[in-house]
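Asker: Dumping the structure here so I can ask a few things about it.
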There are 2 protein chains.
Amino acid sequence: MSARTAQQSYTIKEAAALTGLPASTLRYYETIGVIAPISRGASSKHRVYDESDLDQLMWVACLAATGMSVSDMRQYVANGQLGPSAATEQVELLAQQERRLALEAKQLAVRQRYVRLKIDYWQAVDAGDTDRAELLSKEARELADELKRVKKP
Amino acid sequence: MSARTAQQSYTIKEAAALTGLPASTLRYYETIGVIAPISRGASSKHRVYDESDLDQLMWVACLAATGMSVSDMRQYVANGQLGPSAATEQVELLAQQERRLALEAKQLAVRQRYVRLKIDYWQAVDAGDTDRAELLSKEARELADELKRVKKP
DNA sequence: CTAGGAACTTCAAGTACTTGAAGTCAAAAG
DNA sequence: CTTTTGACTTCAAGTACTTGAAGTTCCTAG
């Protein structure tokens with residue numbers, strides 16, 4: 001930690017981009033106490049986020065993404081303040097998040113295929129190609145089964 | 001459409017499993033008019049879903065998953081009822097969803113890389129490998145810039 | 001230095017579900 | 001046929017954001 005490390009700071013918009021949470025949610029989390037109050041600019045009321053704020057936020061974003069309730073998150077972050085001794089637990093939860101993201105990616109891919117199929121379908125309908133439309137309709141139904149399968153496990 | 005096609009029917013739970021939407025949401029969509037009223041059992045008040053209901057629901061589920069508002073969905077499904085005359089409009093909206101999904105996929109990919117990096121980071125910390133931890137921390141920051149860039153365009 | 005517009009602020013109201021309570025109905029077990 | 005278990009029903013209230021209005025503050029250009 002030399003003088004060279006000039007503590008990066010970020011606006012709320014940048015923090016939002018980095019964490020993937022909308023700025024409105026960042027403010028919301030702060031007002032309800034999920035995250036600690038963010039320091040403000042010397043001559044303004046604007047929030048100024050530093051690296052540790054970002055770390056905390058990214059962490060909260062992970063918990064939120066896994067479906068944890070805000071009251072649980074508040075509790076959990078309060079516990080998490082205790083330091084790096086919880087490294088193992090951190091990794092555990094991050095690994096969980098990784099699996100969740102992998103599942104999300106799968107579901108997204110299926111949805112993308114479905115939308116593409118529906119586009120083709122309507123274009124076939126538009127072109128009066130009934131046979132092709134029916135074929136695509138059937139394909140879409142098969143895809144629906146796949147979507148069903150990817151949801152549960 | 002022969003007599004063999006004995007119109008499959010489904011309970012709300014099955015419909016929920018097929019569409020990926022919770023049963024509560026299926027009821028909710030019905031009460032606010034996003035989907036048409038579902039017919040009820042002869043001797044009960046229970047909803048009975050048929051194939052076309054499922055088609056409609058699967059469709060709505062896709063729209064919802066891509067972030068369309070309920071009032072837009074209501075409008076959209078109403079158009080869909082009109083038959084193939086609205087085909088062009090359907091394709092237009094679907095293409096929009098497709099672009100949205102592509103963006104979502106990009107953002108998801110970055111988040112996946114970020115989580116992986118954080119896992120590696122905490123494992124390095126856990127192993128006492130300070131150099132590697134610092135390197136990974138720096139990589140994470142570079143990735144953050146990338147995430148920032150993918151948001152805007 | 002001073003406009004003007006973008007980005008920030010708070011606060012209140014709206015949206016999209018979600019959950020809980022209290023009751024009805026259905027299918028298998030006895 | 002009756003009982004029990006569990007899924008279904010409505011309705012009201014709760015949750016987690018989200019959006020809009022009205023007002024600062026920052027920044028870039030003139």
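Labels for the structure tokens follow display order: chains A, B, ..., residues from 1 in each chain, ligands from 1.
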For chain B, work out the contacting residues on chain C at 10 Å, counting only C-alpha atoms (C1' of nucleotides), and write them as a list in words.

Answerer: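 Applying the cut-off to the listed atoms yields DT15, DA16, DC17, DT18, DT19, DT24, DC25 and DA26 of chain C.
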
Asker: Kindly export the residues of the current selection with N, CA, C and O atoms (P, O5', C5', C4', C3', O3' and C1' of nucleotides), as a PDB file, in the first residue's frame.

Answerer:
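Written output follows (selection-v2.pdb):
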ATOM      1  P    DT C  15     -48.719   0.826 -12.120  1.00  0.00           P
ATOM      2  O5'  DT C  15     -47.628  -0.312 -12.138  1.00  0.00           O
ATOM      3  C5'  DT C  15     -46.299  -0.040 -12.590  1.00  0.00           C
ATOM      4  C4'  DT C  15     -45.457  -1.275 -12.397  1.00  0.00           C
ATOM      5  C3'  DT C  15     -46.167  -2.586 -12.739  1.00  0.00           C
ATOM      6  O3'  DT C  15     -45.257  -3.356 -13.496  1.00  0.00           O
ATOM      7  C1'  DT C  15     -45.291  -2.707 -10.556  1.00  0.00           C
ATOM      8  P    DA C  16     -45.836  -4.502 -14.488  1.00  0.00           P
ATOM      9  O5'  DA C  16     -45.319  -5.820 -13.783  1.00  0.00           O
ATOM     10  C5'  DA C  16     -43.930  -5.951 -13.522  1.00  0.00           C
ATOM     11  C4'  DA C  16     -43.737  -7.031 -12.490  1.00  0.00           C
ATOM     12  C3'  DA C  16     -44.621  -8.277 -12.684  1.00  0.00           C
ATOM     13  O3'  DA C  16     -43.821  -9.428 -12.474  1.00  0.00           O
ATOM     14  C1'  DA C  16     -44.830  -7.504 -10.522  1.00  0.00           C
ATOM     15  P    DC C  17     -44.126 -10.771 -13.295  1.00  0.00           P
ATOM     16  O5'  DC C  17     -45.335 -11.383 -12.502  1.00  0.00           O
ATOM     17  C5'  DC C  17     -45.285 -12.289 -11.446  1.00  0.00           C
ATOM     18  C4'  DC C  17     -44.461 -11.863 -10.267  1.00  0.00           C
ATOM     19  C3'  DC C  17     -44.372 -12.929  -9.211  1.00  0.00           C
ATOM     20  O3'  DC C  17     -43.034 -13.182  -8.875  1.00  0.00           O
ATOM     21  C1'  DC C  17     -45.022 -10.868  -8.262  1.00  0.00           C
ATOM     22  P    DT C  18     -42.759 -14.682  -8.270  1.00  0.00           P
ATOM     23  O5'  DT C  18     -43.187 -14.523  -6.736  1.00  0.00           O
ATOM     24  C5'  DT C  18     -42.539 -13.564  -5.907  1.00  0.00           C
ATOM     25  C4'  DT C  18     -42.996 -13.769  -4.482  1.00  0.00           C
ATOM     26  C3'  DT C  18     -43.283 -15.217  -4.081  1.00  0.00           C
ATOM     27  O3'  DT C  18     -42.582 -15.429  -2.870  1.00  0.00           O
ATOM     28  C1'  DT C  18     -45.145 -13.831  -3.576  1.00  0.00           C
ATOM     29  P    DT C  19     -42.548 -16.896  -2.192  1.00  0.00           P
ATOM     30  O5'  DT C  19     -43.435 -16.648  -0.882  1.00  0.00           O
ATOM     31  C5'  DT C  19     -43.398 -15.367  -0.266  1.00  0.00           C
ATOM     32  C4'  DT C  19     -44.501 -15.272   0.778  1.00  0.00           C
ATOM     33  C3'  DT C  19     -44.895 -16.597   1.440  1.00  0.00           C
ATOM     34  O3'  DT C  19     -44.944 -16.355   2.840  1.00  0.00           O
ATOM     35  C1'  DT C  19     -46.803 -15.518   0.572  1.00  0.00           C
ATOM     36  P    DT C  24     -65.478 -24.195   2.780  1.00  0.00           P
ATOM     37  O5'  DT C  24     -64.858 -24.744   1.421  1.00  0.00           O
ATOM     38  C5'  DT C  24     -64.926 -23.938   0.234  1.00  0.00           C
ATOM     39  C4'  DT C  24     -64.444 -24.766  -0.947  1.00  0.00           C
ATOM     40  C3'  DT C  24     -65.209 -26.075  -1.168  1.00  0.00           C
ATOM     41  O3'  DT C  24     -65.383 -26.220  -2.580  1.00  0.00           O
ATOM     42  C1'  DT C  24     -62.904 -26.523  -0.908  1.00  0.00           C
ATOM     43  P    DC C  25     -66.252 -27.364  -3.210  1.00  0.00           P
ATOM     44  O5'  DC C  25     -65.119 -28.357  -3.718  1.00  0.00           O
ATOM     45  C5'  DC C  25     -64.147 -27.881  -4.667  1.00  0.00           C
ATOM     46  C4'  DC C  25     -63.120 -28.964  -4.941  1.00  0.00           C
ATOM     47  C3'  DC C  25     -63.696 -30.349  -5.283  1.00  0.00           C
ATOM     48  O3'  DC C  25     -63.110 -30.751  -6.514  1.00  0.00           O
ATOM     49  C1'  DC C  25     -62.042 -30.509  -3.594  1.00  0.00           C
ATOM     50  P    DA C  26     -63.480 -32.097  -7.234  1.00  0.00           P
ATOM     51  O5'  DA C  26     -62.205 -32.988  -6.901  1.00  0.00           O
ATOM     52  C5'  DA C  26     -60.897 -32.481  -7.192  1.00  0.00           C
ATOM     53  C4'  DA C  26     -59.865 -33.582  -7.044  1.00  0.00           C
ATOM     54  C3'  DA C  26     -60.301 -34.968  -7.529  1.00  0.00           C
ATOM     55  O3'  DA C  26     -59.141 -35.585  -8.064  1.00  0.00           O
ATOM     56  C1'  DA C  26     -59.846 -35.048  -5.213  1.00  0.00           C
TER      57       DA C  26
END

Asker: Tell me which protein, DNA and RNA residues are within 8 Å of region 91-106 of chain A, counting only C-alpha atoms (C1' of nucleotides), leaving out same-chain ones fewer than 5 positions away, and put them as JSON, numbers by chain.

Answerer: {"A": [62, 65, 66, 150], "B": [105, 108, 112, 115, 116, 118, 119, 122, 123]}

Asker: Just N, CA and C atoms for this one: save the residues we selected as a short mmCIF file (atom, residue, chain, number, x, y, z; two decimals), in the first residue's frame.

Answerer:
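File produced: again_6.cif:
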data_model
loop_
_atom_site.label_atom_id
_atom_site.label_comp_id
_atom_site.auth_asym_id
_atom_site.auth_seq_id
_atom_site.Cartn_x
_atom_site.Cartn_y
_atom_site.Cartn_z
N CYS A 62 -24.07 -11.25 -5.76
CA CYS A 62 -24.04 -12.71 -5.84
C CYS A 62 -25.14 -13.32 -4.98
N ALA A 65 -28.50 -12.69 -6.49
CA ALA A 65 -28.71 -13.50 -7.68
C ALA A 65 -29.08 -14.94 -7.34
N THR A 66 -28.62 -15.39 -6.17
CA THR A 66 -28.94 -16.76 -5.77
C THR A 66 -30.28 -16.83 -5.05
N VAL A 150 -34.24 -28.62 -18.29
CA VAL A 150 -33.12 -27.84 -17.81
C VAL A 150 -33.48 -27.04 -16.56
N ALA B 105 -26.70 -12.48 -22.92
CA ALA B 105 -25.72 -13.56 -22.98
C ALA B 105 -24.30 -13.02 -22.79
N LEU B 108 -23.82 -12.04 -19.18
CA LEU B 108 -23.73 -13.27 -18.38
C LEU B 108 -22.34 -13.87 -18.48
N GLN B 112 -19.74 -14.65 -15.48
CA GLN B 112 -19.18 -15.97 -15.24
C GLN B 112 -17.68 -15.90 -15.08
N VAL B 115 -16.82 -14.36 -11.66
CA VAL B 115 -16.99 -15.28 -10.52
C VAL B 115 -15.85 -16.30 -10.47
N ARG B 116 -15.50 -16.82 -11.66
CA ARG B 116 -14.39 -17.77 -11.72
C ARG B 116 -13.11 -17.15 -11.17
N LYS B 118 -12.88 -14.70 -9.07
CA LYS B 118 -12.99 -14.48 -7.63
C LYS B 118 -12.77 -15.79 -6.85
N ILE B 119 -13.23 -16.88 -7.43
CA ILE B 119 -12.98 -18.18 -6.81
C ILE B 119 -11.48 -18.44 -6.75
N TRP B 122 -9.85 -16.23 -4.08
CA TRP B 122 -9.99 -16.65 -2.68
C TRP B 122 -9.22 -17.94 -2.38
N GLN B 123 -9.10 -18.78 -3.40
CA GLN B 123 -8.30 -20.00 -3.20
C GLN B 123 -6.83 -19.65 -3.05
#

Asker: Find the residue from B:Leu135, B:Ala17, B:Val34, B:Ala23 that sits nearest to chain A; use only C-alpha atoms when measuring.

Answerer: B:Ala17

Asker: Nearest residue to chain A out of B:Val110, B:Ile38, B:Ala87, B:Val60, using only C-alpha atoms?

Answerer: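 Going through B:Val110, B:Ile38, B:Ala87, B:Val60 one by one, the smallest distance to chain A is for B:Ala87.
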
Asker: Please identify all polymer residues within 8 Å of region 20-26 of chain D, counting only C-alpha atoms (C1' of nucleotides), omitting same-chain residues fewer than 5 positions from it, and present them as a list in words.

Answerer: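 Surrounding residues, per the criterion: Ser44 of chain A; DA7, DC8 and DT9 of chain C.
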
Asker: Based on the selection just made, write N, CA, C and O atoms (P, O5', C5', C4', C3', O3' and C1' of nucleotides) of those residues as a PDB file, in the first residue's frame.

Answerer:
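Result file is selection.pdb:
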ATOM      1  N   SER A  44     -20.516  17.731  -2.659  1.00  0.00           N
ATOM      2  CA  SER A  44     -21.800  17.347  -3.243  1.00  0.00           C
ATOM      3  C   SER A  44     -22.475  16.294  -2.381  1.00  0.00           C
ATOM      4  O   SER A  44     -21.892  15.746  -1.464  1.00  0.00           O
TER       5      SER A  44
ATOM      6  P    DA C   7     -25.533  11.308 -18.909  1.00  0.00           P
ATOM      7  O5'  DA C   7     -25.420  11.471 -17.327  1.00  0.00           O
ATOM      8  C5'  DA C   7     -24.224  11.977 -16.757  1.00  0.00           C
ATOM      9  C4'  DA C   7     -24.400  12.133 -15.261  1.00  0.00           C
ATOM     10  C3'  DA C   7     -25.120  10.948 -14.586  1.00  0.00           C
ATOM     11  O3'  DA C   7     -24.419  10.589 -13.393  1.00  0.00           O
ATOM     12  C1'  DA C   7     -26.154  12.959 -13.997  1.00  0.00           C
ATOM     13  P    DC C   8     -24.773   9.326 -12.533  1.00  0.00           P
ATOM     14  O5'  DC C   8     -25.322   9.986 -11.178  1.00  0.00           O
ATOM     15  C5'  DC C   8     -24.430  10.723 -10.363  1.00  0.00           C
ATOM     16  C4'  DC C   8     -25.182  11.666  -9.464  1.00  0.00           C
ATOM     17  C3'  DC C   8     -26.135  10.974  -8.482  1.00  0.00           C
ATOM     18  O3'  DC C   8     -25.473  10.657  -7.260  1.00  0.00           O
ATOM     19  C1'  DC C   8     -27.026  13.018  -9.384  1.00  0.00           C
ATOM     20  P    DT C   9     -26.306   9.870  -6.130  1.00  0.00           P
ATOM     21  O5'  DT C   9     -27.415  10.902  -5.646  1.00  0.00           O
ATOM     22  C5'  DT C   9     -27.064  11.888  -4.667  1.00  0.00           C
ATOM     23  C4'  DT C   9     -28.275  12.699  -4.261  1.00  0.00           C
ATOM     24  C3'  DT C   9     -29.431  11.894  -3.695  1.00  0.00           C
ATOM     25  O3'  DT C   9     -29.199  11.571  -2.337  1.00  0.00           O
ATOM     26  C1'  DT C   9     -30.224  13.584  -5.175  1.00  0.00           C
TER      27       DT C   9
END

Asker: One decimal, Å: what's the distance from CA of Ala109 (chain A) over to CA of Val125 (chain A), could you say?

Answerer: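 CA of Ala109 (chain A) sits 24.4 Å away from CA of Val125 (chain A).
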
Asker: Would you mind listing what lies within 12 Å of DG30 (chain C) as a PyMOL selection string, with only C-alpha atoms (C1' of nucleotides) counted and same-chain residues fewer than 4 positions away left out?

Answerer: chain D and resi 1-4

Asker: At a cut-off of 10 Å, using only C-alpha atoms (C1' of nucleotides), what residues contact Pro37 (chain B)? Leave out same-chain residues fewer than 6 positions from it and give the result as a list of chain:residue names.

Answerer: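 Close residues of Pro37 (chain B): B:Arg27, B:Tyr29, B:Glu30, B:Thr31, B:Arg47, B:Asp53.
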
Asker: Could you write out the selected residues, including C-alpha atoms, as a PDB file, in the first residue's frame?

Answerer:
ATOM      1  CA  ARG B  27     -53.038 -17.412 -11.563  1.00  0.00           C
ATOM      2  CA  TYR B  29     -51.412 -13.573 -15.150  1.00  0.00           C
ATOM      3  CA  GLU B  30     -54.935 -14.822 -15.521  1.00  0.00           C
ATOM      4  CA  THR B  31     -56.460 -12.360 -13.035  1.00  0.00           C
ATOM      5  CA  ARG B  47     -58.125 -24.856 -13.605  1.00  0.00           C
ATOM      6  CA  ASP B  53     -53.274 -22.781 -23.152  1.00  0.00           C
TER       7      ASP B  53
END

Asker: Between C:DA29, C:DA22, C:DG4, C:DC11, single out the one closest to DA12 (chain D), counting only C-alpha atoms (C1' of nucleotides).

Answerer: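 Result for the nearest residue to DA12 (chain D): C:DA22.
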
Asker: Using only C-alpha atoms (C1' of nucleotides), pick whichever of D:DG14, D:DT19, D:DT28, D:DT9 has the shortest atom-to-atom distance to chain A.

Answerer: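 Among the listed residues, the smallest separation from chain A belongs to D:DT19.
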
Asker: Distance CA of Ser137 (chain B)-CA of Asp120 (chain B), one decimal place?

Answerer: 9.6 Å
